[in-house]
file data.txt (compact mmCIF, C-alpha atoms)
# COMPACT_ATOMS: atom_id res chain seq x y z
CA MET M 1 0.00 0.00 0.00
CA LYS M 2 2.81 2.34 1.00
CA LYS M 3 4.60 1.59 -2.27
CA LEU M 4 1.44 2.39 -4.18
CA LEU M 5 1.12 5.73 -2.41
CA VAL M 6 4.76 6.57 -3.13
CA VAL M 7 4.31 5.67 -6.81
CA ALA M 8 1.12 7.78 -6.96
CA ALA M 9 2.85 10.74 -5.29
CA LEU M 10 5.81 10.46 -7.65
CA SER M 11 3.53 10.32 -10.69
CA VAL M 12 1.73 13.46 -9.54
CA ALA M 13 5.08 15.21 -8.98
CA VAL M 14 6.30 14.21 -12.45
CA ALA M 15 3.03 15.36 -14.02
CA ASN M 16 3.31 18.72 -12.21
CA ALA M 17 6.89 19.26 -13.32
CA GLY M 18 5.65 18.40 -16.80
CA LEU M 19 3.14 21.25 -16.86
CA VAL M 20 5.72 23.81 -15.71
CA ASP M 21 8.19 22.56 -18.34
CA GLU M 22 5.48 22.52 -20.99
CA ALA M 23 4.43 26.08 -20.17
CA ALA M 24 8.06 27.20 -20.20
CA LYS M 25 8.38 26.17 -23.85
CA LEU M 26 5.32 28.10 -25.03
CA ASP M 27 5.33 31.38 -26.92
CA VAL M 28 2.69 33.31 -24.96
CA LYS M 29 1.98 35.77 -27.75
CA LYS M 30 1.18 32.92 -30.12
CA VAL M 31 -0.83 30.57 -27.88
CA CYS M 32 -2.83 33.40 -26.34
CA ASP M 33 -3.57 35.21 -29.61
CA VAL M 34 -7.38 35.35 -29.64
CA LYS M 35 -7.64 36.61 -33.24
CA ALA M 36 -5.51 33.78 -34.60
CA ASN M 37 -6.78 30.92 -32.40
CA GLY M 38 -10.28 31.93 -31.27
CA ALA M 39 -11.40 32.65 -27.71
CA ASP M 40 -12.42 29.05 -26.96
CA LYS M 41 -9.00 27.63 -27.79
CA VAL M 42 -7.22 30.39 -25.87
CA ILE M 43 -9.36 29.86 -22.78
CA ALA M 44 -8.66 26.11 -23.03
CA VAL M 45 -4.94 26.90 -22.68
CA ALA M 46 -5.71 28.96 -19.57
CA GLU M 47 -7.82 26.14 -18.18
CA LYS M 48 -5.04 23.65 -18.70
CA PHE M 49 -2.30 25.59 -16.92
CA ASN M 50 -4.02 27.69 -14.25
CA PRO M 51 -4.93 24.86 -11.84
CA GLU M 52 -1.21 24.09 -11.64
CA ALA M 53 -0.51 27.75 -10.80
CA VAL M 54 -3.11 27.54 -8.03
CA LYS M 55 -1.51 24.36 -6.69
CA LEU M 56 1.95 25.92 -6.72
CA GLN M 57 0.55 29.09 -5.06
CA VAL M 58 1.64 31.36 -7.89
CA GLU M 59 -1.73 32.25 -9.40
CA PHE M 60 -1.97 35.81 -10.72
CA LYS M 61 -4.57 38.29 -9.53
CA ARG M 62 -5.37 41.69 -10.97
CA LEU M 63 -7.93 44.34 -10.05
CA GLY M 64 -9.05 42.09 -7.22
CA ILE M 65 -9.89 39.25 -9.63
CA THR M 66 -8.12 35.90 -9.45
CA ASN M 67 -7.24 34.22 -12.72
CA ARG M 68 -9.60 31.34 -11.95
CA ASN M 69 -12.40 33.92 -12.02
CA TYR M 70 -11.20 35.39 -15.33
CA ILE M 71 -11.35 31.84 -16.73
CA LYS M 72 -14.71 30.93 -15.20
CA PHE M 73 -16.58 34.02 -16.40
CA THR M 74 -14.90 34.08 -19.81
CA LYS M 75 -16.03 30.48 -20.37
CA GLU M 76 -19.57 31.44 -19.40
CA ALA M 77 -19.51 34.32 -21.88
CA ILE M 78 -18.25 32.05 -24.68
CA LYS M 79 -20.97 29.52 -23.90
CA ALA M 80 -23.64 32.21 -23.93
CA LYS M 81 -22.13 33.65 -27.13
CA LYS M 82 -21.70 37.06 -25.55
CA LYS M 83 -19.03 39.54 -26.54
CA GLU M 84 -18.67 40.95 -23.07
CA VAL M 85 -17.43 39.13 -19.97
CA VAL M 86 -19.09 40.13 -16.71
CA ILE M 87 -16.96 39.12 -13.76
CA LYS M 88 -18.46 38.98 -10.28
CA TYR M 89 -16.07 38.87 -7.35
CA LYS M 90 -15.76 39.82 -3.72
CA LYS M 91 -13.60 42.61 -2.38
CA LYS M 92 -13.52 43.29 1.35
CA LYS M 93 -16.66 41.15 1.72
CA LYS M 94 -18.54 43.30 -0.82
CA GLU M 95 -19.90 41.96 -4.12
CA LYS M 96 -18.30 43.70 -7.09
CA THR M 97 -18.72 43.50 -10.85
CA LYS M 98 -16.38 44.35 -13.69
CA LYS M 99 -16.94 44.11 -17.42
CA PHE M 100 -14.34 43.29 -20.07
CA PRO M 101 -14.47 42.67 -23.85
CA LEU M 102 -14.36 38.89 -24.50
CA GLU M 103 -11.09 39.01 -26.48
CA TYR M 104 -9.36 40.93 -23.73
CA ALA M 105 -10.55 38.65 -20.89
CA ALA M 106 -9.58 35.48 -22.78
CA TRP M 107 -6.14 36.90 -23.60
CA ARG M 108 -5.59 37.94 -20.02
CA ALA M 109 -6.66 34.58 -18.56
CA CYS M 110 -4.37 32.73 -20.95
CA THR M 111 -1.29 34.92 -20.52
CA PHE M 112 -1.73 34.92 -16.75
CA ALA M 113 -1.95 31.11 -16.60
CA VAL M 114 1.05 30.49 -18.85
CA ARG M 115 3.27 33.27 -17.50
CA SER M 116 2.73 32.26 -13.86
CA LEU M 117 4.21 28.84 -14.62
CA GLN M 118 6.95 30.25 -16.83
CA GLN M 119 8.00 32.43 -13.91
CA VAL M 120 8.30 29.33 -11.71
CA LYS M 121 10.79 27.93 -14.20
CA GLU M 122 12.67 31.23 -14.53
CA ALA M 123 12.86 31.61 -10.75
CA GLU M 124 14.74 28.32 -10.37
CA LYS M 125 17.92 30.08 -11.42
CA ASP M 126 17.00 33.79 -11.29
CA TRP M 127 16.29 34.20 -7.60
CA HIS M 128 19.95 33.88 -6.62
CA LEU M 129 20.79 36.87 -8.81
CA ALA M 130 19.16 39.28 -6.36
CA VAL M 131 20.78 37.99 -3.15
CA PRO M 132 23.54 40.19 -1.67
CA GLY M 133 26.53 37.99 -0.95
CA ASP M 134 25.39 35.53 -3.60
CA GLY M 135 24.44 36.47 -7.18
CA PHE M 136 23.81 40.19 -6.66
CA LYS M 137 26.79 42.33 -7.54
CA TYR M 138 26.89 46.05 -6.88
CA MET V 1 34.88 11.47 37.36
CA LYS V 2 37.37 13.63 35.46
CA LYS V 3 36.84 11.51 32.35
CA LYS V 4 33.07 11.92 32.64
CA VAL V 5 33.36 15.70 32.91
CA ILE V 6 35.69 15.87 29.90
CA ALA V 7 33.37 13.61 27.90
CA SER V 8 30.30 15.70 28.67
CA LEU V 9 32.22 18.89 27.91
CA LEU V 10 33.24 17.42 24.56
CA ILE V 11 29.70 16.34 23.75
CA GLY V 12 28.46 19.77 24.78
CA SER V 13 30.96 21.55 22.55
CA VAL V 14 30.13 19.34 19.56
CA ALA V 15 26.43 20.06 20.11
CA LEU V 16 27.16 23.79 20.37
CA LEU V 17 29.30 23.73 17.25
CA SER V 18 26.66 21.96 15.19
CA ALA V 19 23.89 24.23 16.53
CA GLY V 20 26.04 27.16 15.41
CA ASP V 21 26.55 25.61 12.01
CA PHE V 22 22.85 25.53 11.21
CA ASN V 23 22.67 29.31 11.06
CA ALA V 24 26.01 29.78 9.29
CA GLN V 25 24.42 30.57 5.91
CA ALA V 26 21.80 32.81 7.54
CA GLU V 27 24.56 34.77 9.28
CA LYS V 28 26.41 35.20 5.98
CA ASP V 29 23.19 36.45 4.37
CA ARG V 30 22.47 38.84 7.23
CA LYS V 31 25.94 40.36 7.14
CA ALA V 32 25.95 40.64 3.34
CA LEU V 33 22.58 42.43 3.43
CA GLN V 34 23.80 44.86 6.08
CA GLU V 35 27.00 45.52 4.12
CA TYR V 36 24.99 46.25 0.97
CA LEU V 37 22.53 48.59 2.71
CA GLU V 38 25.27 50.43 4.59
CA LYS V 39 27.20 50.95 1.37
CA LYS V 40 24.07 52.13 -0.41
CA PHE V 41 23.31 54.74 2.24
CA ALA V 42 26.92 55.53 3.20
CA ASP V 43 27.30 58.92 1.56
CA ARG V 44 26.13 61.25 -1.15
CA LYS V 45 29.18 60.45 -3.33
CA ASN V 46 28.02 56.89 -4.12
CA ALA V 47 24.37 57.86 -4.44
CA ASN V 48 24.23 58.24 -8.22
CA ALA V 49 25.23 54.59 -8.67
CA PHE V 50 22.46 53.34 -6.36
CA PHE V 51 19.76 55.86 -7.29
CA PRO V 52 20.15 56.44 -11.03
CA TYR V 53 16.67 57.91 -11.49
CA SER V 54 16.86 60.44 -8.67
CA THR V 55 17.62 64.05 -9.45
CA LYS V 56 20.62 65.84 -7.97
CA GLU V 57 18.29 68.06 -5.97
CA GLU V 58 16.42 65.08 -4.57
CA LEU V 59 19.63 63.33 -3.51
CA ASP V 60 20.96 66.52 -1.95
CA LYS V 61 17.83 67.50 -0.05
CA ASN V 62 15.65 64.47 0.65
CA TYR V 63 18.12 61.85 1.88
CA LYS V 64 20.05 61.43 5.06
CA TRP V 65 23.36 59.60 4.51
CA GLY V 66 25.66 57.61 6.78
CA ILE V 67 22.96 55.15 7.87
CA LYS V 68 24.27 52.18 9.79
CA GLY V 69 23.15 48.96 11.54
CA ASP V 70 20.32 49.61 13.96
CA ASP V 71 19.36 52.89 12.24
CA PHE V 72 17.46 50.73 9.75
CA ARG V 73 14.88 49.86 12.42
CA LEU V 74 13.11 53.07 11.42
CA GLY V 75 12.52 51.71 7.93
CA SER V 76 12.52 54.35 5.23
CA TYR V 77 12.41 57.07 7.88
CA ALA V 78 16.06 56.28 8.58
CA TYR V 79 17.03 57.98 5.30
CA ASN V 80 13.95 59.87 4.14
CA ILE V 81 14.18 63.31 5.75
CA GLY V 82 10.65 64.49 4.91
CA GLY V 83 9.11 61.16 5.90
CA LYS V 84 10.96 61.19 9.23
CA LYS V 85 9.52 64.62 10.05
CA GLN V 86 5.98 63.38 9.38
CA TYR V 87 6.70 60.22 11.37
CA GLU V 88 7.82 62.25 14.36
CA GLU V 89 4.72 64.42 14.14
CA MET V 90 2.48 61.35 14.00
CA ASN V 91 4.28 59.88 16.98
CA GLU V 92 3.54 62.91 19.15
CA MET V 93 0.18 61.30 19.81
CA PRO V 94 0.75 57.65 18.90
CA PRO V 95 -2.48 56.07 17.68
CA TYR V 96 -1.38 52.63 18.93
CA GLU V 97 -1.24 53.54 22.63
CA ASP V 98 -4.82 52.45 23.26
CA ALA V 99 -4.01 49.14 21.59
CA VAL V 100 -1.12 48.55 24.02
CA ASP V 101 -3.49 49.13 26.96
CA ALA V 102 -6.12 46.88 25.40
CA GLY V 103 -3.45 44.23 24.84
CA LYS V 104 -2.40 44.41 28.47
CA GLU V 105 -5.99 43.92 29.54
CA LEU V 106 -6.35 40.91 27.25
CA TYR V 107 -3.13 39.49 28.68
CA GLU V 108 -4.34 39.84 32.23
CA LYS V 109 -8.02 39.01 31.87
CA GLU V 110 -8.49 36.54 29.01
CA LYS V 111 -8.48 32.95 30.10
CA GLY V 112 -5.23 31.06 29.60
CA ILE V 113 -3.21 33.78 27.83
CA LYS V 114 -0.85 34.37 30.75
CA GLU V 115 -0.32 30.63 31.10
CA CYS V 116 0.67 30.35 27.42
CA PHE V 117 3.02 33.36 27.65
CA PRO V 118 4.28 33.73 31.24
CA ASP V 119 6.87 36.28 30.07
CA PRO V 120 5.33 38.96 27.83
CA ALA V 121 8.74 40.24 26.67
CA ILE V 122 8.87 37.77 23.79
CA ALA V 123 8.31 39.91 20.69
CA GLY V 124 11.90 39.42 19.51
CA ASP V 125 11.89 35.65 19.90
CA TYR V 126 9.43 34.88 17.10
CA PRO V 127 9.13 33.30 14.58
CA LYS V 128 10.45 30.06 16.03
CA PHE V 129 11.01 26.73 14.38
CA VAL V 130 9.22 24.02 16.32
CA LYS V 131 9.84 20.38 15.45
CA GLY V 132 6.66 18.79 14.12
CA LYS V 133 4.95 22.16 13.68
CA GLY V 134 7.35 24.03 11.41
CA VAL V 135 7.72 27.79 11.70
CA VAL V 136 5.50 29.34 14.38
CA THR V 137 5.05 33.10 14.18
CA LEU V 138 3.94 35.13 17.17
CA SER V 139 0.47 35.54 15.65
CA LYS V 140 0.22 31.78 15.14
CA ALA V 141 1.28 31.14 18.74
CA VAL V 142 -1.29 33.66 20.03
CA VAL V 143 -4.14 32.28 17.93
CA ALA V 144 -3.23 28.69 18.90
CA CYS V 145 -3.30 29.70 22.56
CA ALA V 146 -6.71 31.36 22.14
CA LYS V 147 -8.03 28.26 20.39
CA LYS V 148 -6.71 26.00 23.15
CA ASN V 149 -8.63 28.10 25.67
CA ASN V 150 -11.81 28.21 23.56
CA LEU V 151 -11.53 31.97 23.09
CA LYS V 152 -13.32 33.38 20.07
CA GLY V 153 -12.59 36.18 17.63
CA TRP V 154 -8.79 35.89 17.47
CA LYS V 155 -7.45 36.40 13.94
CA LEU V 156 -3.91 36.13 12.60
CA THR V 157 -3.97 39.56 11.00
CA LYS V 158 -5.57 42.14 13.30
CA GLY V 159 -7.94 42.71 16.21
CA LYS V 160 -7.21 41.07 19.56
CA THR V 161 -4.09 39.29 18.28
CA ALA V 162 -2.55 42.56 17.07
CA LYS V 163 -3.44 44.27 20.36
CA LEU V 164 -1.84 41.52 22.44
CA GLU V 165 1.22 41.64 20.19
CA ALA V 166 1.36 45.42 20.70
CA TYR V 167 1.55 44.80 24.44
CA PHE V 168 4.24 42.13 23.98
CA ALA V 169 6.26 44.46 21.74
CA SER V 170 5.89 47.36 24.14
CA VAL V 171 7.11 45.29 27.13
CA SER V 172 9.97 43.84 25.04
CA LYS V 173 11.02 47.33 23.97
CA GLU V 174 10.92 48.64 27.53
CA LYS V 175 13.12 45.77 28.67
CA GLY V 176 15.61 46.45 25.87
CA LYS V 177 15.02 43.10 24.18
CA LYS V 178 16.62 42.34 20.85
CA VAL V 179 15.53 40.24 17.92
CA ASN V 180 16.76 36.73 18.61
CA ILE V 181 15.75 34.31 15.87
CA VAL V 182 17.19 30.85 16.35
CA ILE V 183 18.10 28.35 13.64
CA ASP V 184 19.24 25.28 15.51
CA SER V 185 18.40 22.29 13.36
CA LYS V 186 18.66 21.07 9.79
CA GLU V 187 14.89 21.41 9.39
CA ALA V 188 14.96 24.99 10.68
CA ALA V 189 17.77 25.86 8.26
CA GLU V 190 15.74 24.35 5.41
CA ALA V 191 12.69 26.40 6.40
CA TYR V 192 14.88 29.52 6.44
CA GLU V 193 16.24 28.69 2.96
CA ARG V 194 12.71 28.22 1.59
CA GLY V 195 11.69 31.57 3.06
CA LYS V 196 14.76 33.20 1.53
CA LYS V 197 14.04 31.72 -1.89
CA GLU V 198 10.48 33.02 -1.81
CA TYR V 199 11.67 36.48 -0.73
CA TYR V 200 13.94 36.76 -3.75
CA THR V 201 11.57 35.08 -6.24
CA GLN V 202 9.78 37.31 -8.73
CA ARG V 203 6.04 36.83 -8.41
CA GLY V 204 2.68 37.90 -9.80
CA TYR V 205 1.83 39.60 -13.06
CA LEU V 206 4.10 42.51 -12.14
CA LYS V 207 7.00 40.07 -11.75
CA LEU V 208 8.16 41.73 -8.55
CA SER V 209 10.05 39.99 -5.79
CA CYS V 210 9.97 41.28 -2.22
CA ALA V 211 13.62 42.19 -2.81
CA THR V 212 12.81 44.29 -5.86
CA CYS V 213 11.33 46.86 -3.50
CA HIS V 214 13.07 46.21 -0.18
CA VAL V 215 16.64 45.21 -1.14
CA GLN V 216 17.53 46.55 -4.59
CA GLY V 217 14.70 49.07 -4.36
CA ALA V 218 15.25 50.16 -0.74
CA GLY V 219 15.36 53.94 -0.69
CA GLN V 220 13.97 54.38 -4.21
CA ARG V 221 11.07 56.75 -4.47
CA VAL V 222 7.76 55.39 -5.75
CA ARG V 223 5.47 58.34 -6.34
CA ASN V 224 5.87 60.22 -3.08
CA GLU V 225 6.96 57.33 -0.86
CA TYR V 226 10.43 55.96 -0.21
CA LEU V 227 10.75 52.18 -0.09
CA SER V 228 11.83 50.63 3.21
CA PRO V 229 14.75 48.20 3.65
CA LEU V 230 14.52 44.50 4.46
CA LYS V 231 16.78 44.99 7.47
CA GLY V 232 14.56 46.15 10.30
CA ALA V 233 11.37 45.28 8.43
CA THR V 234 9.97 43.12 11.23
CA THR V 235 11.30 44.85 14.36
CA HIS V 236 8.50 47.38 14.83
CA PHE V 237 5.41 45.20 14.38
CA PRO V 238 2.53 45.26 15.00
CA VAL V 239 2.08 48.60 13.27
CA TYR V 240 -0.69 51.13 13.06
CA ARG V 241 -0.96 51.91 9.35
CA LEU V 242 -2.72 54.99 8.14
CA LYS V 243 -3.83 52.99 5.12
CA TRP V 244 -5.55 50.47 7.40
CA GLN V 245 -6.70 53.04 9.94
CA GLY V 246 -5.82 50.39 12.48
CA LEU V 247 -3.29 47.96 13.84
CA GLY V 248 -2.04 44.94 11.92
CA THR V 249 0.36 42.05 12.29
CA LEU V 250 3.18 40.98 9.99
CA GLU V 251 0.79 38.47 8.41
CA ARG V 252 -1.52 41.31 7.41
CA ARG V 253 1.35 43.25 5.86
CA ILE V 254 2.60 40.27 3.85
CA LYS V 255 -0.89 39.69 2.47
CA GLY V 256 -0.89 43.30 1.26
CA CYS V 257 2.53 42.86 -0.36
CA ASN V 258 1.30 39.77 -2.22
CA LYS V 259 -1.62 41.77 -3.58
CA ASN V 260 0.73 44.54 -4.71
CA GLN V 261 2.80 41.97 -6.56
CA GLY V 262 -0.25 40.91 -8.56
CA GLU V 263 -0.61 37.49 -7.03
CA THR V 264 -3.39 35.67 -5.20
CA PRO V 265 -2.24 36.27 -1.60
CA HIS V 266 -0.92 33.38 0.45
CA LYS V 267 -2.99 32.51 3.47
CA PRO V 268 -1.86 34.12 6.74
CA GLY V 269 -0.55 31.30 8.87
CA SER V 270 0.44 29.18 5.86
CA ALA V 271 3.88 27.56 5.80
CA TRP V 272 4.73 29.92 2.91
CA THR V 273 4.00 33.08 4.91
CA SER V 274 5.58 31.79 8.12
CA GLU V 275 8.82 30.69 6.45
CA LEU V 276 9.06 34.00 4.61
CA LEU V 277 8.72 35.78 7.97
CA TYR V 278 11.32 33.47 9.52
CA PHE V 279 13.83 34.60 6.89
CA MET V 280 12.83 38.26 7.17
CA ALA V 281 13.06 38.27 10.96
CA TYR V 282 16.49 36.62 10.87
CA MET V 283 17.75 39.48 8.71
CA SER V 284 17.00 41.76 11.70
CA ASN V 285 18.72 39.53 14.26
CA GLY V 286 20.40 41.51 17.01
CA MET V 287 18.39 44.68 16.37
CA PRO V 288 16.31 46.15 19.21
CA VAL V 289 12.61 45.36 19.33
CA ASP V 290 10.99 48.65 18.38
CA GLY V 291 7.26 48.08 18.25
CA PRO V 292 4.51 48.90 18.15
CA ASP V 293 4.95 51.72 15.71
CA ILE V 294 3.23 53.76 13.05
CA ARG V 295 3.60 53.62 9.29
CA LYS V 296 1.78 55.21 6.40
call {"tool": "encode", "arguments": {"input": "data.txt", "output": "structure tokens"}}
result
Amino acid sequence: MKKLLVVAALSVAVANAGLVDEAAKLDVKKVCDVKANGADKVIAVAEKFNPEAVKLQVEFKRLGITNRNYIKFTKEAIKAKKKEVVIKYKKKKKEKTKKFPLEYAAWRACTFAVRSLQQVKEAEKDWHLAVPGDGFKY
Amino acid sequence: MKKKVIASLLIGSVALLSAGDFNAQAEKDRKALQEYLEKKFADRKNANAFFPYSTKEELDKNYKWGIKGDDFRLGSYAYNIGGKKQYEEMNEMPPYEDAVDAGKELYEKEKGIKECFPDPAIAGDYPKFVKGKGVVTLSKAVVACAKKNNLKGWKLTKGKTAKLEAYFASVSKEKGKKVNIVIDSKEAAEAYERGKKEYYTQRGYLKLSCATCHVQGAGQRVRNEYLSPLKGATTHFPVYRLKWQGLGTLERRIKGCNKNQGETPHKPGSAWTSELLYFMAYMSNGMPVDGPDIRK
């Protein structure tokens, strides 16, 4: 049983590393280009990578809106064939609403999901560069 | 008998040596940070290299130079002349004084608090690494104590916890206590290293690390505010922030920093936040406890 658990944990770890590596190889401008790929394909990219960002605690948030909310409400707009995404979220326990054009929301959700994981990869070597006494020279 | 004494002395020295070894890297980091900050704020002559975007007039008039060691406990007010003036004016009638009194009352009247913390002069001793629990911040210790005694309404970020911490900080300051963060095991050293890595890692859609603002950016002006240094960042908490219009703990401040970085904030009390604070507090080791205090 223990062995099984270890194998399962290792498989999950390998799969996770896979998503970070996969994201690191992507050209964000290309995969998140709504005009070239369509909003549904772009939001599918966001949906693929963002859960990993959440798991690694590196999910992006802007204007009080988490990327999972950008994805959720953009998907709803695509399904309802609307050109505007209405995002509902909470800020300081108050209900808030913001509206974005569909193209913009899909692009943002996708770039946020991919870039958050790319930054994880970049940080593996970059973080030392800012440490006085280590990589930071002045 | 002699042999026994020598043997126990030897064992004791080995234990001491290895305990000292666990914080060797942290000590190197702390000294390197201090050296960098002291060089940065040493004198006007070097200023152009460290503050390339500042005007001559700004460097001549707005900065105090020759900042050393414990001076950094004042944060940006150590070198920002205008800010220091405002800080001194605000401190003529400190808005946190009521909180210290309220904290004292909580300490004396709330069930079980005194038993958890017999000595209130402990503000400089946290965060601690506790085997089996990981890094325990002062807020976590306070909330755990409240929970153990079935007390309600104790949060990690503000309210009663911040008030009690204000009392702890005030007593610690009065007694001349210094920050004394201990790294005495392999696990503690690993927790410190994880905290350090997160501090220097660029995060969020703005791709900012904590260090962007508080190491490389320390002293830079952002709009009308001057960024504070990492050294001394934890010594004066809890703080009354004008932005909050109230008192808050280190956990509250870190949550705000995460938001500013453009990232979904880490939960107060999470291993991530606690280990980050463990690293940050170690960088102030040996500095006097200086809280509670006021910040914008």
call {"tool": "closest_residue", "arguments": {"input": "data.txt", "among": "V:Gly69, V:Gly246, V:Gly217, V:Pro95", "to": "chain M", "atoms": "all atoms listed in the file"}}
result
V:Gly217
call {"tool": "atom_distance", "arguments": {"input": "data.txt", "atom1": "atom CA of V:Lys163", "atom2": "atom CA of V:Asp101"}}
result
8.2 Å
call {"tool": "closest_residue", "arguments": {"input": "data.txt", "among": "V:Glu198, V:Glu38, V:Glu115, V:Glu190", "to": "chain M", "atoms": "only C-alpha atoms"}}
result
V:Glu198
call {"tool": "interface_residues", "arguments": {"input": "data.txt", "of": "chain V", "to": "chain M", "cutoff": "6 Å", "atoms": "only C-alpha atoms", "output": "ChimeraX atom specification"}}
result
/V:32-33,200-201,204-205,262-264
call {"tool": "atom_distance", "arguments": {"input": "data.txt", "atom1": "atom CA of V:Asp119", "atom2": "atom CA of V:Ala141"}}
result
13.6 Å
call {"tool": "residues_around", "arguments": {"input": "data.txt", "residues": "stretch 91-108 of chain M", "least_positions_apart": "5", "cutoff": "10 Å", "atoms": "all atoms listed in the file", "output": "VMD selection string"}}
result
chain M and resid 28 to 29 31 to 35 38 to 46 62 to 65 67 70 to 71 73 to 75 77 to 78 81 to 86 113
call {"tool": "atom_distance", "arguments": {"input": "data.txt", "atom1": "atom CA of V:Lys148", "atom2": "atom CA of V:Glu110"}}
result
12.2 Å
call {"tool": "residues_around", "arguments": {"input": "data.txt", "residues": "V:Lys114", "least_positions_apart": "4", "cutoff": "12 Å", "atoms": "only C-alpha atoms", "output": "NGL selection string"}}
result
:V and (103-110 or 118-121 or 142 or 145-146 or 149 or 164 or 168)
call {"tool": "write_last_selection", "arguments": {"input": "data.txt", "atoms": "C-alpha atoms", "output": "CSV table (one decimal), keeping the file's coordinate frame"}}
result
chain,number,residue,atom,x,y,z
V,103,GLY,CA,-3.4,44.2,24.8
V,104,LYS,CA,-2.4,44.4,28.5
V,105,GLU,CA,-6.0,43.9,29.5
V,106,LEU,CA,-6.4,40.9,27.2
V,107,TYR,CA,-3.1,39.5,28.7
V,108,GLU,CA,-4.3,39.8,32.2
V,109,LYS,CA,-8.0,39.0,31.9
V,110,GLU,CA,-8.5,36.5,29.0
V,118,PRO,CA,4.3,33.7,31.2
V,119,ASP,CA,6.9,36.3,30.1
V,120,PRO,CA,5.3,39.0,27.8
V,121,ALA,CA,8.7,40.2,26.7
V,142,VAL,CA,-1.3,33.7,20.0
V,145,CYS,CA,-3.3,29.7,22.6
V,146,ALA,CA,-6.7,31.4,22.1
V,149,ASN,CA,-8.6,28.1,25.7
V,164,LEU,CA,-1.8,41.5,22.4
V,168,PHE,CA,4.2,42.1,24.0
call {"tool": "residues_around", "arguments": {"input": "data.txt", "residues": "V:Asn285", "least_positions_apart": "4", "cutoff": "12 Å", "atoms": "all atoms listed in the file", "output": "PyMOL selection string"}}
result
chain V and resi 23+26-27+29-31+33-34+69-70+73+124-127+177-183+230-235+278-281+289
call {"tool": "closest_residue", "arguments": {"input": "data.txt", "among": "V:Glu174, V:Glu275, V:Asp290, V:Glu165", "to": "V:Gly134", "atoms": "all atoms listed in the file"}}
result
V:Glu275
call {"tool": "residues_around", "arguments": {"input": "data.txt", "residues": "V:Leu250", "least_positions_apart": "5", "cutoff": "8 Å", "atoms": "all atoms listed in the file", "output": "list in words"}}
result
Thr157, Thr234, Phe237, Pro238 and Leu277 of chain V
call {"tool": "write_last_selection", "arguments": {"input": "data.txt", "atoms": "C-alpha atoms", "output": "PDB file, in the frame of the given file"}}
result
ATOM      1  CA  THR V 157      -3.970  39.560  11.000  1.00  0.00           C
ATOM      2  CA  THR V 234       9.970  43.120  11.230  1.00  0.00           C
ATOM      3  CA  PHE V 237       5.410  45.200  14.380  1.00  0.00           C
ATOM      4  CA  PRO V 238       2.530  45.260  15.000  1.00  0.00           C
ATOM      5  CA  LEU V 277       8.720  35.780   7.970  1.00  0.00           C
TER       6      LEU V 277
END
call {"tool": "residues_around", "arguments": {"input": "data.txt", "residues": "stretch 43-53 of chain V", "least_positions_apart": "4", "cutoff": "10 Å", "atoms": "all atoms listed in the file", "output": "list of chain:residue names"}}
result
M:Tyr138, V:Glu38, V:Lys39, V:Glu58, V:Leu59, V:Asp60, V:Tyr63, V:Lys64, V:Trp65, V:Gly66, V:Ile67, V:Gln216, V:Gly217, V:Ala218, V:Gly219, V:Gln220, V:Arg221
call {"tool": "closest_residue", "arguments": {"input": "data.txt", "among": "V:Lys296, V:Arg203, V:Lys61, V:Arg223", "to": "V:His266", "atoms": "all atoms listed in the file"}}
result
V:Arg203
call {"tool": "residues_near_point", "arguments": {"input": "data.txt", "point": "(5.2, 31.3, 6.8)", "cutoff": "12 Å", "atoms": "only C-alpha atoms", "output": "compact mmCIF listing (two decimals) with C-alpha atoms, in the frame of the given file"}}
result
# COMPACT_ATOMS: atom_id res chain seq x y z
CA TYR V 126 9.43 34.88 17.10
CA PRO V 127 9.13 33.30 14.58
CA LYS V 128 10.45 30.06 16.03
CA PHE V 129 11.01 26.73 14.38
CA LYS V 133 4.95 22.16 13.68
CA GLY V 134 7.35 24.03 11.41
CA VAL V 135 7.72 27.79 11.70
CA VAL V 136 5.50 29.34 14.38
CA THR V 137 5.05 33.10 14.18
CA LEU V 138 3.94 35.13 17.17
CA SER V 139 0.47 35.54 15.65
CA LYS V 140 0.22 31.78 15.14
CA LEU V 156 -3.91 36.13 12.60
CA ALA V 191 12.69 26.40 6.40
CA TYR V 192 14.88 29.52 6.44
CA GLU V 193 16.24 28.69 2.96
CA ARG V 194 12.71 28.22 1.59
CA GLY V 195 11.69 31.57 3.06
CA LYS V 196 14.76 33.20 1.53
CA GLU V 198 10.48 33.02 -1.81
CA TYR V 199 11.67 36.48 -0.73
CA LEU V 250 3.18 40.98 9.99
CA GLU V 251 0.79 38.47 8.41
CA ILE V 254 2.60 40.27 3.85
CA LYS V 255 -0.89 39.69 2.47
CA HIS V 266 -0.92 33.38 0.45
CA LYS V 267 -2.99 32.51 3.47
CA PRO V 268 -1.86 34.12 6.74
CA GLY V 269 -0.55 31.30 8.87
CA SER V 270 0.44 29.18 5.86
CA ALA V 271 3.88 27.56 5.80
CA TRP V 272 4.73 29.92 2.91
CA THR V 273 4.00 33.08 4.91
CA SER V 274 5.58 31.79 8.12
CA GLU V 275 8.82 30.69 6.45
CA LEU V 276 9.06 34.00 4.61
CA LEU V 277 8.72 35.78 7.97
CA TYR V 278 11.32 33.47 9.52
CA PHE V 279 13.83 34.60 6.89
CA MET V 280 12.83 38.26 7.17
CA ALA V 281 13.06 38.27 10.96
call {"tool": "decode", "arguments": {"input": "data.txt", "residues": "stretch 105-111 of chain V", "atoms": "C-alpha atoms", "output": "tab-separated table (two decimals), in the first residue's frame"}}
result
chain	number	residue	atom	x	y	z
V	105	GLU	CA	-5.99	43.92	29.54
V	106	LEU	CA	-6.35	40.91	27.25
V	107	TYR	CA	-3.13	39.49	28.68
V	108	GLU	CA	-4.34	39.84	32.23
V	109	LYS	CA	-8.02	39.01	31.87
V	110	GLU	CA	-8.49	36.54	29.01
V	111	LYS	CA	-8.48	32.95	30.10
